[in-house]
file start-v9.cif (mmCIF, C-alpha atoms)
data_coords
#
loop_
_atom_site.label_atom_id
_atom_site.label_comp_id
_atom_site.auth_asym_id
_atom_site.auth_seq_id
_atom_site.Cartn_x
_atom_site.Cartn_y
_atom_site.Cartn_z
CA MET J 233 -170.96 4.91 -95.20
CA CYS J 234 -173.31 4.08 -98.00
CA ALA J 235 -172.84 2.56 -101.41
CA ASP J 236 -172.62 5.99 -103.01
CA ASP J 237 -169.61 6.94 -100.95
CA PHE J 238 -167.92 3.79 -102.01
CA GLY J 239 -168.46 4.42 -105.69
CA HIS J 240 -167.36 8.00 -105.33
CA GLY J 241 -164.12 6.99 -103.68
CA ALA J 242 -163.33 4.51 -106.40
CA GLY J 243 -163.93 7.11 -109.08
CA ILE J 244 -161.53 9.54 -107.52
CA LEU J 245 -158.86 6.95 -107.06
CA LEU J 246 -159.14 5.94 -110.67
CA GLY J 247 -158.56 9.50 -111.71
CA VAL J 248 -154.88 9.26 -110.87
CA GLU J 249 -153.91 10.74 -114.20
CA GLY J 250 -154.63 14.16 -112.83
CA GLY J 251 -151.61 13.77 -110.61
CA LEU J 252 -149.43 13.49 -113.67
CA LYS J 253 -150.63 16.59 -115.38
CA GLU J 254 -148.09 18.83 -113.78
CA TRP J 255 -145.33 17.12 -115.73
CA ARG J 256 -147.06 16.44 -118.95
CA PRO J 257 -146.19 18.80 -121.76
CA ALA J 258 -148.89 19.70 -124.20
CA VAL J 259 -148.68 16.57 -126.31
CA ALA J 260 -151.41 16.74 -128.89
CA ARG J 261 -152.68 13.71 -130.71
CA SER J 262 -150.26 12.31 -133.22
CA ARG J 263 -150.79 13.05 -136.84
CA ASP J 264 -149.49 11.16 -139.81
CA PRO J 265 -145.75 10.86 -139.28
CA MET J 266 -145.05 9.94 -142.86
CA GLN J 267 -145.93 13.50 -143.73
CA GLY J 268 -143.26 16.07 -143.23
CA GLY J 269 -140.12 13.97 -143.48
CA ALA J 270 -138.28 17.28 -143.55
CA ASP J 271 -139.79 18.23 -140.18
CA LEU J 272 -138.71 14.92 -138.70
CA GLY J 273 -135.22 15.28 -140.12
CA GLU J 274 -135.02 18.77 -138.68
CA LEU J 275 -136.15 17.52 -135.25
CA LEU J 276 -133.58 14.72 -135.33
CA GLY J 277 -130.96 17.30 -136.28
CA ARG J 278 -131.89 19.42 -133.27
CA LEU J 279 -131.64 16.38 -131.00
CA ALA J 280 -128.23 15.60 -132.48
CA ARG J 281 -127.12 19.10 -131.55
CA GLY J 282 -128.21 18.55 -127.96
CA ASP J 283 -131.54 20.37 -128.14
CA ASP J 284 -133.61 18.02 -125.97
CA ALA J 285 -136.75 20.11 -126.46
CA ALA J 286 -137.03 18.63 -129.96
CA LEU J 287 -138.01 15.26 -128.51
CA SER J 288 -141.49 16.38 -127.45
CA PRO J 289 -142.68 17.37 -130.98
CA LEU J 290 -140.94 14.31 -132.40
CA TYR J 291 -142.86 12.12 -129.96
CA ARG J 292 -146.10 13.89 -130.83
CA LEU J 293 -145.58 13.27 -134.54
CA THR J 294 -144.35 9.70 -134.43
CA SER J 295 -145.38 7.90 -131.24
CA ALA J 296 -148.66 6.45 -132.54
CA LYS J 297 -146.91 4.99 -135.60
CA LEU J 298 -144.01 3.57 -133.60
CA TYR J 299 -146.30 2.22 -130.91
CA GLY J 300 -148.34 0.52 -133.63
CA VAL J 301 -145.15 -1.10 -134.92
CA VAL J 302 -144.18 -2.27 -131.42
CA VAL J 303 -147.68 -3.49 -130.57
CA GLY J 304 -147.73 -5.52 -133.79
CA ILE J 305 -144.77 -7.49 -132.46
CA LEU J 306 -145.32 -7.55 -128.70
CA GLY J 307 -149.05 -7.02 -128.38
CA ARG J 308 -150.51 -4.29 -126.22
CA GLY J 309 -149.44 -3.95 -122.64
CA GLY J 310 -146.53 -3.38 -120.34
CA GLU J 311 -143.84 -4.88 -122.54
CA ALA J 312 -144.87 -2.74 -125.48
CA GLU J 313 -144.96 0.35 -123.27
CA ASP J 314 -141.51 -0.39 -121.82
CA THR J 315 -140.21 -0.92 -125.32
CA LEU J 316 -141.62 2.34 -126.64
CA GLN J 317 -139.98 4.11 -123.73
CA GLU J 318 -136.64 2.48 -124.66
CA VAL J 319 -137.17 3.42 -128.29
CA TYR J 320 -137.49 7.13 -127.58
CA VAL J 321 -134.58 7.12 -125.17
CA ALA J 322 -132.56 5.39 -127.93
CA ILE J 323 -133.71 7.94 -130.53
CA TRP J 324 -132.67 10.73 -128.18
CA ARG J 325 -129.34 9.09 -127.49
CA GLU J 326 -128.54 7.99 -131.05
CA ALA J 327 -129.82 11.02 -132.96
CA ALA J 328 -126.25 12.16 -133.62
CA ARG J 329 -125.68 8.91 -135.52
CA TYR J 330 -128.63 9.45 -137.83
CA ASP J 331 -127.38 10.03 -141.36
CA ALA J 332 -129.98 11.74 -143.54
CA SER J 333 -128.11 10.82 -146.71
CA ARG J 334 -128.49 7.10 -145.95
CA SER J 335 -131.99 6.65 -144.59
CA ARG J 336 -135.20 8.56 -144.18
CA PRO J 337 -136.10 9.74 -140.67
CA MET J 338 -139.17 7.55 -140.33
CA THR J 339 -137.36 4.47 -141.64
CA TRP J 340 -134.59 5.06 -139.14
CA MET J 341 -137.03 5.38 -136.26
CA ILE J 342 -139.17 2.44 -137.35
CA THR J 343 -136.01 0.34 -137.56
CA ILE J 344 -135.10 1.24 -133.99
CA ALA J 345 -138.62 0.39 -132.84
CA ARG J 346 -138.67 -2.94 -134.70
CA ASN J 347 -135.20 -3.91 -133.52
CA ARG J 348 -136.03 -3.19 -129.88
CA ALA J 349 -139.30 -5.07 -130.07
CA ILE J 350 -137.70 -8.03 -131.86
CA ASP J 351 -134.76 -8.10 -129.41
CA ARG J 352 -137.27 -8.32 -126.61
CA ILE J 353 -139.36 -11.05 -128.15
CA ARG J 354 -136.27 -13.10 -129.02
CA ARG J 355 -134.86 -12.70 -125.51
CA ALA J 356 -138.16 -13.69 -123.98
CA GLY J 357 -138.01 -16.85 -126.11
CA ARG J 358 -141.70 -17.07 -126.73
CA ARG J 359 -144.11 -16.76 -129.54
CA PRO J 360 -144.95 -13.26 -130.65
CA ALA J 361 -148.30 -11.92 -129.57
CA ALA J 362 -150.96 -13.42 -131.76
CA GLY J 363 -153.62 -10.75 -131.42
CA PRO J 364 -152.75 -8.11 -133.98
CA LEU J 365 -151.31 -10.73 -136.32
CA ASP J 366 -154.35 -12.84 -136.78
CA ASP J 367 -155.09 -10.50 -139.59
CA VAL J 368 -152.00 -10.01 -141.69
CA ASP J 369 -153.69 -10.36 -145.01
CA PRO J 370 -153.49 -7.50 -147.47
CA PRO J 371 -154.88 -4.31 -146.01
CA ASP J 372 -158.16 -2.83 -147.04
CA PRO J 373 -157.64 -0.92 -150.27
CA ALA J 374 -159.67 1.97 -148.82
CA PRO J 375 -157.63 5.09 -148.11
CA THR J 376 -155.65 4.79 -144.92
CA ALA J 377 -154.31 7.48 -142.64
CA LEU J 378 -151.20 7.26 -144.72
CA ASP J 379 -152.01 9.95 -147.19
CA GLU J 380 -148.67 11.15 -148.30
CA LEU J 381 -148.42 10.48 -151.99
CA GLU J 382 -144.93 9.10 -152.22
CA GLN J 383 -145.39 6.86 -149.23
CA SER J 384 -148.68 5.44 -150.38
CA GLN J 385 -147.20 4.86 -153.82
CA SER J 386 -144.27 2.92 -152.46
CA ALA J 387 -146.61 0.97 -150.17
CA ALA J 388 -148.81 0.19 -153.16
CA ARG J 389 -145.81 -0.93 -155.20
CA LEU J 390 -144.59 -3.14 -152.38
CA GLU J 391 -148.07 -4.57 -152.03
CA ARG J 392 -148.17 -5.38 -155.75
CA CYS J 393 -144.80 -7.06 -155.49
CA LEU J 394 -145.93 -9.08 -152.48
CA GLU J 395 -148.93 -10.28 -154.46
CA GLU J 396 -146.61 -11.55 -157.17
CA LEU J 397 -144.88 -13.77 -154.61
CA GLY J 398 -147.95 -15.86 -153.97
CA ALA J 399 -150.16 -15.92 -150.90
CA GLU J 400 -148.11 -18.11 -148.59
CA GLN J 401 -144.81 -16.37 -149.32
CA ALA J 402 -146.34 -12.91 -148.93
CA ARG J 403 -147.79 -14.06 -145.64
CA CYS J 404 -144.34 -15.10 -144.42
CA ILE J 405 -142.93 -11.68 -145.24
CA ARG J 406 -145.78 -9.86 -143.53
CA LEU J 407 -145.64 -12.06 -140.44
CA ALA J 408 -141.90 -11.52 -140.18
CA TYR J 409 -141.98 -7.78 -140.74
CA LEU J 410 -145.15 -6.84 -138.89
CA GLY J 411 -145.17 -9.55 -136.23
CA GLY J 412 -141.48 -10.07 -135.61
CA TYR J 413 -141.66 -13.79 -136.45
CA SER J 414 -138.38 -15.69 -136.73
CA HIS J 415 -137.79 -18.47 -139.24
CA ALA J 416 -138.59 -21.07 -136.59
CA GLU J 417 -141.74 -19.29 -135.48
CA LEU J 418 -142.89 -18.98 -139.08
CA ALA J 419 -142.32 -22.68 -139.61
CA GLU J 420 -144.38 -23.49 -136.55
CA ARG J 421 -147.14 -21.07 -137.39
CA LEU J 422 -147.41 -22.18 -141.01
CA GLY J 423 -146.87 -25.86 -140.25
CA ALA J 424 -144.01 -26.08 -142.75
CA PRO J 425 -140.47 -27.48 -142.35
CA LEU J 426 -137.88 -24.95 -141.19
CA GLY J 427 -135.68 -25.42 -144.26
CA THR J 428 -138.65 -24.83 -146.54
CA VAL J 429 -139.59 -21.64 -144.74
CA LYS J 430 -136.00 -20.37 -144.86
CA SER J 431 -135.79 -20.86 -148.59
CA TRP J 432 -139.27 -19.34 -149.11
CA VAL J 433 -138.19 -16.25 -147.25
CA ARG J 434 -134.90 -15.98 -149.04
CA ARG J 435 -136.40 -16.49 -152.46
CA SER J 436 -139.23 -14.09 -151.65
CA LEU J 437 -136.78 -11.37 -150.68
CA VAL J 438 -134.80 -11.78 -153.91
CA ARG J 439 -137.99 -11.65 -155.99
CA LEU J 440 -139.26 -8.70 -153.99
CA ARG J 441 -136.12 -6.80 -154.76
CA GLU J 442 -136.32 -7.63 -158.46
CA CYS J 443 -139.92 -6.51 -158.56
CA LEU J 444 -139.21 -3.26 -156.70
CA GLU J 445 -136.36 -2.40 -159.04
CA ARG J 446 -138.37 -3.03 -162.17
CA MET M 300 -122.57 -18.69 -136.77
CA SER M 301 -120.16 -15.94 -135.74
CA ALA M 302 -119.50 -12.57 -137.32
CA ASP M 303 -116.20 -14.00 -138.62
CA ASP M 304 -118.07 -16.76 -140.44
CA LEU M 305 -120.36 -14.16 -141.93
CA ASP M 306 -117.31 -12.28 -143.20
CA LYS M 307 -116.65 -15.17 -145.56
CA LEU M 308 -120.05 -15.09 -147.23
CA GLY M 309 -120.23 -14.41 -150.96
CA PRO M 310 -121.94 -11.26 -152.23
CA GLU M 311 -125.31 -12.92 -152.82
CA ASP M 312 -125.40 -14.49 -149.39
CA ARG M 313 -124.32 -11.23 -147.80
CA ASP M 314 -127.19 -9.41 -149.44
CA ALA M 315 -129.60 -12.17 -148.46
CA LEU M 316 -128.41 -11.97 -144.86
CA ALA M 317 -128.81 -8.19 -144.90
CA ALA M 318 -132.35 -8.68 -146.17
CA GLU M 319 -133.15 -11.26 -143.49
CA LEU M 320 -131.69 -9.04 -140.80
CA ALA M 321 -133.74 -6.06 -142.01
CA LEU M 322 -136.82 -8.26 -142.15
CA GLY M 323 -136.07 -9.37 -138.59
CA VAL M 324 -136.51 -13.05 -139.33
CA VAL M 325 -133.15 -14.42 -138.20
CA ASP M 326 -132.87 -16.16 -134.85
CA GLU M 327 -131.17 -14.64 -131.84
CA SER M 328 -127.61 -15.91 -132.28
CA GLU M 329 -127.45 -15.18 -136.00
CA ARG M 330 -129.01 -11.81 -135.35
CA ALA M 331 -126.30 -10.93 -132.84
CA ALA M 332 -123.57 -12.06 -135.25
CA ALA M 333 -125.08 -10.11 -138.14
CA ALA M 334 -125.42 -7.02 -135.95
CA THR M 335 -121.73 -7.29 -135.05
CA LEU M 336 -120.86 -7.58 -138.72
CA ALA M 337 -122.99 -4.52 -139.52
CA GLU M 338 -121.24 -2.61 -136.75
CA ARG M 339 -117.76 -3.21 -138.14
CA ASP M 340 -118.44 -3.47 -141.87
CA PRO M 341 -119.84 -0.25 -143.39
CA ALA M 342 -120.60 -1.91 -146.73
CA PHE M 343 -122.71 -4.59 -145.04
CA ARG M 344 -124.33 -1.92 -142.89
CA GLN M 345 -125.38 -0.08 -146.02
CA LEU M 346 -126.86 -3.29 -147.49
CA VAL M 347 -128.96 -3.61 -144.34
CA ARG M 348 -130.03 0.04 -144.54
CA ASP M 349 -131.04 -0.37 -148.17
CA TRP M 350 -133.21 -3.31 -147.21
CA GLU M 351 -134.70 -1.39 -144.32
CA GLU M 352 -135.71 1.31 -146.81
CA ARG M 353 -137.16 -1.23 -149.25
CA LEU M 354 -139.21 -2.93 -146.55
CA ALA M 355 -140.25 0.22 -144.68
CA ALA M 356 -143.34 0.55 -146.85
CA LEU M 357 -144.61 -2.59 -145.12
CA SER M 358 -144.99 -0.56 -141.95
CA ALA M 359 -147.82 1.26 -143.69
CA MET M 360 -149.78 -1.87 -142.78
CA SER M 361 -149.17 -1.35 -139.06
CA PRO M 362 -152.11 0.59 -137.70
CA SER M 363 -151.24 3.66 -135.65
CA VAL M 364 -151.92 3.03 -131.97
CA GLU M 365 -151.98 5.91 -129.49
CA PRO M 366 -149.67 5.08 -126.60
CA PRO M 367 -151.06 5.66 -123.09
CA PRO M 368 -150.71 9.28 -121.97
CA THR M 369 -148.62 8.19 -118.98
CA LEU M 370 -145.74 7.22 -121.27
CA TRP M 371 -144.42 10.62 -122.29
CA PRO M 372 -143.72 11.81 -118.71
CA LEU M 373 -141.81 8.57 -118.14
CA ILE M 374 -139.69 9.13 -121.23
CA GLU M 375 -139.01 12.70 -120.19
CA ALA M 376 -138.02 11.57 -116.72
CA GLU M 377 -135.83 8.82 -118.14
CA ILE M 378 -133.97 11.28 -120.32
CA GLY M 379 -133.57 13.58 -117.34
CA ARG M 380 -131.85 10.73 -115.54
CA HIS M 381 -129.55 9.90 -118.48
CA ARG M 382 -128.59 13.47 -119.20
CA PRO M 383 -125.07 13.97 -117.93
CA GLY M 384 -124.73 16.04 -114.78
CA THR M 385 -128.38 16.79 -114.19
CA ALA M 386 -131.05 15.30 -112.02
CA LYS M 387 -134.27 16.46 -113.54
CA PRO M 388 -137.28 16.84 -111.27
CA GLY M 389 -139.75 14.09 -111.92
CA GLY M 390 -137.31 11.19 -111.78
CA ILE M 391 -139.74 9.70 -109.31
CA LEU M 392 -142.03 9.02 -112.21
CA ALA M 393 -139.57 6.77 -113.98
CA SER M 394 -140.82 3.58 -112.39
CA LEU M 395 -143.11 2.51 -115.17
CA TRP M 396 -144.37 -0.61 -113.48
CA PHE M 397 -145.68 1.55 -110.74
CA TRP M 398 -147.89 3.79 -112.85
CA ARG M 399 -148.96 0.99 -115.05
CA GLY M 400 -150.03 -1.04 -112.08
CA TRP M 401 -152.09 1.73 -110.72
CA ALA M 402 -155.18 1.18 -112.78
CA VAL M 403 -155.25 -2.41 -111.55
CA ALA M 404 -154.65 -1.22 -108.03
CA ALA M 405 -157.48 1.23 -108.06
CA THR M 406 -160.23 -1.30 -107.58
CA ALA M 407 -158.40 -3.10 -104.81
CA ALA M 408 -157.41 0.22 -103.31
CA ALA M 409 -160.99 1.44 -103.29
CA LEU M 410 -162.02 -1.69 -101.44
CA ALA M 411 -159.21 -1.30 -98.95
CA LEU M 412 -160.03 2.35 -98.48
CA ALA M 413 -163.67 1.61 -97.83
CA ALA M 414 -162.61 -0.96 -95.24
CA ALA M 415 -160.07 1.38 -93.69
CA LEU M 416 -162.56 4.18 -93.27
CA PHE M 417 -164.58 2.09 -90.87
CA LEU M 418 -161.48 1.74 -88.72
CA LEU M 419 -160.47 5.38 -88.85
CA PRO M 420 -160.24 7.49 -85.76
CA PRO M 421 -162.06 10.80 -86.27
CA ALA M 422 -159.75 12.82 -88.49
CA GLY M 423 -159.54 16.56 -88.90
CA GLU M 424 -163.02 17.96 -89.01
CA ALA M 425 -163.68 20.76 -91.40
CA PRO M 426 -166.64 22.24 -93.16
CA GLY M 427 -167.34 20.00 -96.11
CA GLY M 428 -165.60 16.92 -94.71
CA ARG M 429 -162.11 15.52 -94.41
CA TYR M 430 -159.32 14.43 -96.74
CA VAL M 431 -157.96 10.93 -96.93
CA ALA M 432 -155.45 9.12 -99.17
CA LEU M 433 -154.76 5.43 -99.38
CA LEU M 434 -151.13 4.84 -100.38
CA ALA M 435 -150.96 1.36 -101.89
CA ALA M 436 -149.77 -0.62 -104.89
CA PRO M 437 -151.12 -3.67 -106.70
CA ASP M 438 -147.98 -5.78 -106.52
CA ARG M 439 -146.80 -4.98 -103.04
CA PRO M 440 -148.46 -5.80 -99.76
CA GLY M 441 -148.94 -3.19 -97.06
CA GLY M 442 -149.46 0.50 -97.54
CA PHE M 443 -150.29 3.63 -95.59
CA LEU M 444 -153.41 5.54 -94.83
CA ALA M 445 -152.94 9.32 -94.80
CA THR M 446 -155.56 11.59 -93.28
CA VAL M 447 -155.40 15.38 -93.14
CA ASP M 448 -155.94 17.08 -89.80
CA LEU M 449 -157.17 20.41 -91.10
CA ALA M 450 -157.34 22.01 -87.68
CA GLU M 451 -153.65 21.35 -87.01
CA GLY M 452 -152.43 21.53 -90.63
CA GLN M 453 -150.98 18.07 -90.25
CA LEU M 454 -151.02 14.79 -92.05
CA LEU M 455 -151.58 11.69 -89.95
CA VAL M 456 -149.95 8.65 -91.54
CA THR M 457 -150.87 5.17 -90.38
CA PRO M 458 -149.16 1.99 -91.62
CA LEU M 459 -151.38 -0.80 -92.94
CA ASP M 460 -150.11 -4.39 -92.76
CA GLY M 461 -146.62 -3.36 -91.70
CA GLY M 462 -146.47 -0.38 -94.04
CA GLY M 463 -144.15 -1.95 -96.63
CA GLU M 464 -141.16 -2.78 -94.44
CA ASP M 465 -138.05 -3.34 -96.54
CA GLY M 466 -135.15 -4.27 -94.26
CA ALA M 467 -132.48 -1.61 -94.42
CA ARG M 468 -134.49 1.03 -96.23
CA VAL M 469 -137.11 3.33 -94.77
CA PRO M 470 -140.31 4.70 -96.30
CA GLU M 471 -140.32 8.42 -97.05
CA LEU M 472 -143.43 10.36 -98.00
CA TRP M 473 -143.44 12.84 -100.88
CA LEU M 474 -145.82 15.53 -101.96
CA VAL M 475 -146.08 15.22 -105.72
CA SER M 476 -147.84 18.33 -106.95
CA GLY M 477 -145.29 20.95 -107.98
CA PRO M 478 -142.40 20.89 -110.43
CA ALA M 479 -140.49 18.48 -108.17
CA PRO M 480 -141.51 16.13 -105.36
CA VAL M 481 -141.24 17.63 -101.88
CA SER M 482 -140.32 15.44 -98.93
CA LEU M 483 -142.87 15.44 -96.13
CA GLY M 484 -140.82 13.15 -93.91
CA LEU M 485 -140.15 9.57 -92.89
CA ILE M 486 -143.22 7.53 -92.12
CA GLY M 487 -142.01 4.10 -90.99
CA GLY M 488 -144.27 2.99 -88.14
CA GLY M 489 -146.61 5.92 -88.79
CA ALA M 490 -146.09 9.64 -88.38
CA ARG M 491 -147.69 13.00 -87.86
CA LEU M 492 -146.22 15.44 -90.37
CA ALA M 493 -146.65 19.09 -91.26
CA LEU M 494 -148.59 19.49 -94.49
CA PRO M 495 -148.16 22.71 -96.51
CA SER M 496 -151.44 24.56 -96.70
CA ALA M 497 -151.45 24.41 -100.52
CA ALA M 498 -151.46 20.63 -100.25
CA ARG M 499 -154.54 20.45 -98.02
CA GLN M 500 -156.97 19.82 -100.83
CA PRO M 501 -158.46 16.95 -102.77
CA GLY M 502 -156.52 15.73 -105.77
CA VAL M 503 -153.08 16.22 -104.23
CA THR M 504 -150.86 13.23 -104.98
CA LEU M 505 -148.68 11.59 -102.34
CA ALA M 506 -146.05 8.97 -102.99
CA VAL M 507 -143.86 6.75 -100.82
CA SER M 508 -140.31 5.81 -101.82
CA LEU M 509 -137.76 3.61 -100.08
CA GLU M 510 -134.72 5.55 -98.92
CA PRO M 511 -131.57 4.99 -96.88
CA PRO M 512 -131.95 5.31 -93.09
CA GLY M 513 -132.31 8.98 -92.25
CA GLY M 514 -134.08 9.72 -95.52
CA SER M 515 -133.09 10.69 -99.05
CA PRO M 516 -129.63 12.26 -99.05
CA THR M 517 -130.43 14.39 -102.10
CA GLY M 518 -133.77 15.92 -101.21
CA GLN M 519 -135.31 14.01 -104.12
CA PRO M 520 -136.49 10.42 -104.19
CA THR M 521 -133.55 8.10 -104.78
CA GLY M 522 -135.16 4.70 -104.25
CA PRO M 523 -138.15 2.98 -105.86
CA VAL M 524 -141.60 4.45 -105.48
CA ILE M 525 -143.56 1.75 -103.68
CA TYR M 526 -146.92 3.37 -103.02
CA GLN M 527 -148.90 6.27 -104.29
CA GLY M 528 -152.33 7.76 -103.77
CA ARG M 529 -154.38 10.93 -103.98
CA LEU M 530 -156.12 12.90 -101.31
CA HIS M 531 -159.82 12.94 -101.69
CA GLU M 532 -162.64 14.36 -99.76
CA ILE M 533 -164.88 12.14 -97.68
CA ALA M 534 -168.21 13.68 -96.81
CA ASP M 535 -169.25 13.12 -93.22
#

call {"tool": "encode", "arguments": {"input": "start-v9.cif", "output": "C-alpha cells"}}
result
Amino acid sequence: MCADDFGHGAGILLGVEGGLKEWRPAVARSRDPMQGGADLGELLGRLARGDDAALSPLYRLTSAKLYGVVVGILGRGGEAEDTLQEVYVAIWREAARYDASRSRPMTWMITIARNRAIDRIRRAGRRPAAGPLDDVDPPDPAPTALDELEQSQSAARLERCLEELGAEQARCIRLAYLGGYSHAELAERLGAPLGTVKSWVRRSLVRLRECLER
Amino acid sequence: MSADDLDKLGPEDRDALAAELALGVVDESERAAAATLAERDPAFRQLVRDWEERLAALSAMSPSVEPPPTLWPLIEAEIGRHRPGTAKPGGILASLWFWRGWAVAATAAALALAAALFLLPPAGEAPGGRYVALLAAPDRPGGFLATVDLAEGQLLVTPLDGGGEDGARVPELWLVSGPAPVSLGLIGGGARLALPSAARQPGVTLAVSLEPPGGSPTGQPTGPVIYQGRLHEIAD
C-alpha cells in the first residue's frame, strides 16, 4: 500500500453523507422565513390537521433562522443540533396548539426555539456560549437578508427604542434575548451587582414598551 | 418563588414578569414557576405572548445559520418514532450522536483501516479490486472489518478488539441502502454472511446495532447503532 491508497481511503470514508441520501427529501436551501407568514401559517395548519408532509417545507423555510437563534444561545455543535431536532419535533407535536389570532407563525416558532435552547443552558448550569455573543452591538445598518418590509420596519423601530435605553441597558436586553443570558449571568458578564442588573432589565423593558407603543 | 406566589403579584409586576419570561432572563426556578402560571392562567399567558411579539423583532439580529444536512433525516426519523402506531423505516438514523461523531471518526477510522488492510487475508478477488468496510465509531472501542468475497457473493465480517461486546446484547449487521435497513445477520465473534448482489458495490453503507440474543425481533433495528461504515474499493 502506498500513501495514495491511504489518502483515497480516507476520502471515501469521509464521504459518509452519501449513505444518507436515500432518506433525505429534497430540502433546498432556506430562504427568508419572515417572508410569507401566510405560507408558514398554512403549513402549521396542515401539521395541526395531521398532514406530516407539511413539516418538510416548513423546515426548508425556517430551519436556518431557528438554527441561528439556537446557535446564538448554545453555540454551534452537538447541543445546538440536538436542540434544533427537539424544536422541530415540538413544532410538529404542538402545531394543533398554535393560535394564529394570538401570535405570528415565526414568533411562535422562534419562541419554541428560544425556550428549548434556554431550558438547556439553564439545566446545564453553565455560561452561555460566548462565541456568537462577543458581538451583540447594533447590527450593521446595511440591508440584511430580512427584506420583508413590515419585519424590517418593526426591527428598525425596536432598534431605535433600544438606542433610547442607553448602551449598557440595550446590551443587557440583547444579551438576554440573543444569548439566553440570565440575570445572574448578565451581572457576571457586565461586572455589575445582581440587583442593579435586575432593575436595569425591568426598567428597560418598561421603557421599551412605552417607546414601541408611541 | 412558586406559581402560587406569582398569583399574588400586582398587575405591573405580572406584566414585568411576563416580559422577563419572554426575554428569557429569569433563572431556572422562577422560570419554571412562571411557566406553570402561564399554563394555568390564560390572561398571564397572553401577556407573555404579547411580549414575545414585541421582542421578536430582536431575532432579526440573529444571523441565519444553515443546519447540517444530516439533521433533517434525524428529525424525520424521530417523528416516525413518535407517530402513534407506526414504525417508520429509517429509525436507525435517530441516534444523532452517532452521525455527528462520524466526521471525527473518519480520520481515526482511515488510520485503523490502513492498519487493518496489512493484516487482511486475501479477500474476494475481482477485476478492479475488492471491497472493504471498516465499521467503527469515535466514542466506542472495537469495531468490525467487513470484506466482500465477490466470488462467493458473501461478506466476511471480522471483529476488531472484541467487536463491541455488550453483555446481554448481540451485534447485528444491517445493509443501509434502500428505503429501510435490511438485516444481514448476527456478527458477534465474526461471520460469513450472504450479501445481496445489489449491495456488492462501493458506497454501500453498513451499520451495526445491538439487539437481543437471537437478533432484532421486529426485522428492524431496535437497539442503538454502535458502528457504521461504507464499502469502498481497494485497488490491488

call {"tool": "resolve_selection", "arguments": {"input": "start-v9.cif", "expression": "the PyMOL selection byres ((chain J and resi 320) around 9)", "output": "CSV table (one decimal) with C-alpha atoms, in the frame of the given file"}}
result
chain,number,residue,atom,x,y,z
J,287,LEU,CA,-138.0,15.3,-128.5
J,291,TYR,CA,-142.9,12.1,-130.0
J,295,SER,CA,-145.4,7.9,-131.2
J,315,THR,CA,-140.2,-0.9,-125.3
J,316,LEU,CA,-141.6,2.3,-126.6
J,317,GLN,CA,-140.0,4.1,-123.7
J,318,GLU,CA,-136.6,2.5,-124.7
J,319,VAL,CA,-137.2,3.4,-128.3
J,321,VAL,CA,-134.6,7.1,-125.2
J,322,ALA,CA,-132.6,5.4,-127.9
J,323,ILE,CA,-133.7,7.9,-130.5
J,324,TRP,CA,-132.7,10.7,-128.2
J,325,ARG,CA,-129.3,9.1,-127.5
J,341,MET,CA,-137.0,5.4,-136.3
J,345,ALA,CA,-138.6,0.4,-132.8
M,374,ILE,CA,-139.7,9.1,-121.2

call {"tool": "closest_residue", "arguments": {"input": "start-v9.cif", "among": "J:Glu400, J:Glu313, J:Glu420, J:Glu326", "to": "chain M", "atoms": "all atoms listed in the file"}}
result
J:Glu313

call {"tool": "resolve_selection", "arguments": {"input": "start-v9.cif", "expression": "the PyMOL selection byres ((chain M) within 6 of (chain J))", "output": "ChimeraX atom specification"}}
result
/M:322,324-326,355-356,361-365,372,374,405,409,504

call {"tool": "residues_around", "arguments": {"input": "start-v9.cif", "residues": "segment 498-501 of chain M", "least_positions_apart": "5", "cutoff": "10 Å", "atoms": "all atoms listed in the file", "output": "ChimeraX atom specification"}}
result
/J:244 /M:429-432,447-449,452-454,474-477,529-533

call {"tool": "atom_distance", "arguments": {"input": "start-v9.cif", "atom1": "atom CA of Ala333 of chain M", "atom2": "atom CA of Ile344 of chain J"}}
result
15.7 Å
